[in-house]
Amino acid sequence: MSNKTNLFTFLLRMTLAATYISAYSSRINLFGGHPDGWQHFLDYAGEVNSYAPDVIKPLLAFIATALEISISLLLMAGYKTKPVATVSGILTFLFAGAMTYSFGIKEPLDYGVFVNFTAAFLLATLPADSWSLDHYLTHRTSISRS
């Protein structure tokens with residue numbers, strides 16, 4: 001992998017992780033944010049998932065947040081990057097679909113949701129960058145076999 005591709009892969013991985021950290025940080029008051037944090041997010045998630053029965057909307061919000069936290073941590077570490085990036089792409093694709101259904105096409109375009117899921121799917125196709133745990137584990141394994 002060229003130095004440029006290696007750097008761009010690293011930056012893509014970090015940027016995707018940062019978008020998830022930014023998304024959930026206000027929900028759990030990680031960096032301050034909305035004073036009602038979780039309740040504000042539950043209300044928004046209910047609007048985004050307008051098609052869903054009210055009883056499962058809080059569950060969808062919890063699952064999305066748990067996935068976003070997990071995805072961000074795994075992407076930051078660069079561990080299991082390809083499958084994690086694929087899950088990230090699927091989650092964000094579903095979010096884009098829900099936003100489009102509930103609010104129309106403009107809102108997901110304004111928030112870059114289509115770019116985000118496309119970037120995640122692109123990351124899933126790239127080799128591990130030199131600063132990832134995936135690269136370290138692969139390199140360590142290949143050395144120990146020699």
# chains A, B, ... in the order shown; residues from 1 in each chain; ligands from 1
$ residues_around --residues "A:Leu60" --least-positions-apart "2" --cutoff "12 Å" --atoms "only C-alpha atoms" --output "VMD selection string"
chain A and resid 41 to 58 62 to 67 91 94 to 95 98
$ residues_around --residues "stretch 75-90 of chain A" --least-positions-apart "4" --cutoff "6 Å" --atoms "only C-alpha atoms" --output "PyMOL selection string"
chain A and resi 13-14+17+71+117+120-121+124+132-134
$ write_last_selection --atoms "N, CA, C and O atoms" --output "JSON list (two decimals), in the first residue's frame"
[["chain", "number", "residue", "atom", "x", "y", "z"],
["A", 13, "ARG", "N", -10.81, 6.09, 8.50],
["A", 13, "ARG", "CA", -11.19, 5.31, 9.69],
["A", 13, "ARG", "C", -11.42, 6.24, 10.88],
["A", 13, "ARG", "O", -12.42, 6.12, 11.60],
["A", 14, "MET", "N", -10.52, 7.18, 11.09],
["A", 14, "MET", "CA", -10.64, 8.11, 12.22],
["A", 14, "MET", "C", -11.83, 9.05, 12.07],
["A", 14, "MET", "O", -12.53, 9.35, 13.04],
["A", 17, "ALA", "N", -15.01, 7.20, 12.82],
["A", 17, "ALA", "CA", -15.12, 7.03, 14.27],
["A", 17, "ALA", "C", -15.55, 8.34, 14.92],
["A", 17, "ALA", "O", -16.42, 8.35, 15.81],
["A", 71, "ILE", "N", -18.97, 0.69, 17.36],
["A", 71, "ILE", "CA", -18.34, 0.97, 16.06],
["A", 71, "ILE", "C", -17.23, 2.00, 16.23],
["A", 71, "ILE", "O", -16.12, 1.83, 15.71],
["A", 117, "PHE", "N", -22.38, 6.67, 4.84],
["A", 117, "PHE", "CA", -22.49, 5.22, 4.60],
["A", 117, "PHE", "C", -21.64, 4.77, 3.42],
["A", 117, "PHE", "O", -21.08, 3.68, 3.43],
["A", 120, "ALA", "N", -18.13, 4.44, 4.71],
["A", 120, "ALA", "CA", -17.99, 3.21, 5.51],
["A", 120, "ALA", "C", -17.84, 1.99, 4.60],
["A", 120, "ALA", "O", -16.97, 1.14, 4.84],
["A", 121, "PHE", "N", -18.64, 1.92, 3.55],
["A", 121, "PHE", "CA", -18.52, 0.79, 2.62],
["A", 121, "PHE", "C", -17.17, 0.83, 1.88],
["A", 121, "PHE", "O", -16.58, -0.22, 1.62],
["A", 124, "ALA", "N", -14.50, -0.55, 4.12],
["A", 124, "ALA", "CA", -14.58, -2.02, 4.20],
["A", 124, "ALA", "C", -13.83, -2.71, 3.07],
["A", 124, "ALA", "O", -13.52, -3.90, 3.18],
["A", 132, "SER", "N", -3.30, 0.59, 12.48],
["A", 132, "SER", "CA", -4.45, -0.15, 12.99],
["A", 132, "SER", "C", -4.01, -1.39, 13.76],
["A", 132, "SER", "O", -2.93, -1.95, 13.53],
["A", 133, "LEU", "N", -4.86, -1.81, 14.65],
["A", 133, "LEU", "CA", -4.63, -3.06, 15.37],
["A", 133, "LEU", "C", -4.67, -4.24, 14.40],
["A", 133, "LEU", "O", -3.91, -5.20, 14.56],
["A", 134, "ASP", "N", -5.52, -4.16, 13.40],
["A", 134, "ASP", "CA", -5.57, -5.21, 12.37],
["A", 134, "ASP", "C", -4.20, -5.42, 11.72],
["A", 134, "ASP", "O", -3.74, -6.54, 11.56]]
$ closest_residue --among "A:Leu7, A:Met1, A:Ala128, A:Ile21" --to "A:Ser70" --atoms "only C-alpha atoms"
A:Ile21
$ residues_around --residues "A:Ala18" --least-positions-apart "2" --cutoff "12 Å" --atoms "only C-alpha atoms" --output "list in words"
Leu11, Leu12, Arg13, Met14, Thr15, Leu16, Tyr20, Ile21, Ser22, Ala23, Tyr24, Ser25, Glu68, Ile69, Ile71, Ser72, Leu73, Leu74, Leu75, Met76 and Asn116 of chain A
$ write_last_selection --atoms "C-alpha atoms" --output "mmCIF file, in the first residue's frame"
data_model
loop_
_atom_site.group_PDB
_atom_site.id
_atom_site.type_symbol
_atom_site.label_atom_id
_atom_site.label_comp_id
_atom_site.auth_asym_id
_atom_site.auth_seq_id
_atom_site.Cartn_x
_atom_site.Cartn_y
_atom_site.Cartn_z
ATOM 1 C CA LEU A 11 -7.930 9.346 8.100
ATOM 2 C CA LEU A 12 -11.108 7.738 6.757
ATOM 3 C CA ARG A 13 -11.187 5.312 9.688
ATOM 4 C CA MET A 14 -10.635 8.110 12.223
ATOM 5 C CA THR A 15 -13.172 10.430 10.596
ATOM 6 C CA LEU A 16 -15.875 7.757 10.618
ATOM 7 C CA TYR A 20 -20.078 8.349 15.679
ATOM 8 C CA ILE A 21 -18.455 9.875 18.762
ATOM 9 C CA SER A 22 -20.004 13.217 17.877
ATOM 10 C CA ALA A 23 -23.407 11.614 17.323
ATOM 11 C CA TYR A 24 -23.647 9.851 20.655
ATOM 12 C CA SER A 25 -21.658 12.255 22.821
ATOM 13 C CA GLU A 68 -22.450 3.632 17.452
ATOM 14 C CA ILE A 69 -20.364 3.388 20.636
ATOM 15 C CA ILE A 71 -18.338 0.967 16.063
ATOM 16 C CA SER A 72 -16.479 4.120 17.117
ATOM 17 C CA LEU A 73 -14.251 2.279 19.594
ATOM 18 C CA LEU A 74 -13.455 -0.529 17.152
ATOM 19 C CA LEU A 75 -12.735 1.915 14.329
ATOM 20 C CA MET A 76 -10.488 4.015 16.574
ATOM 21 C CA ASN A 116 -21.087 8.612 5.591
#
$ atom_distance --atom1 "atom CA of A:Arg27" --atom2 "atom CA of A:Gln39"
8.0 Å
$ atom_distance --atom1 "atom CA of A:Asp129" --atom2 "atom CA of A:Phe10"
5.8 Å
$ atom_distance --atom1 "atom CA of A:Met99" --atom2 "atom CA of A:Phe8"
28.9 Å
$ select_by_dssp --residues "stretch 33-109 of chain A" --states "helix (DSSP H, G or I)" --output "NGL selection string"
:A and (37-48 or 54-77 or 81-103 or 106-109)
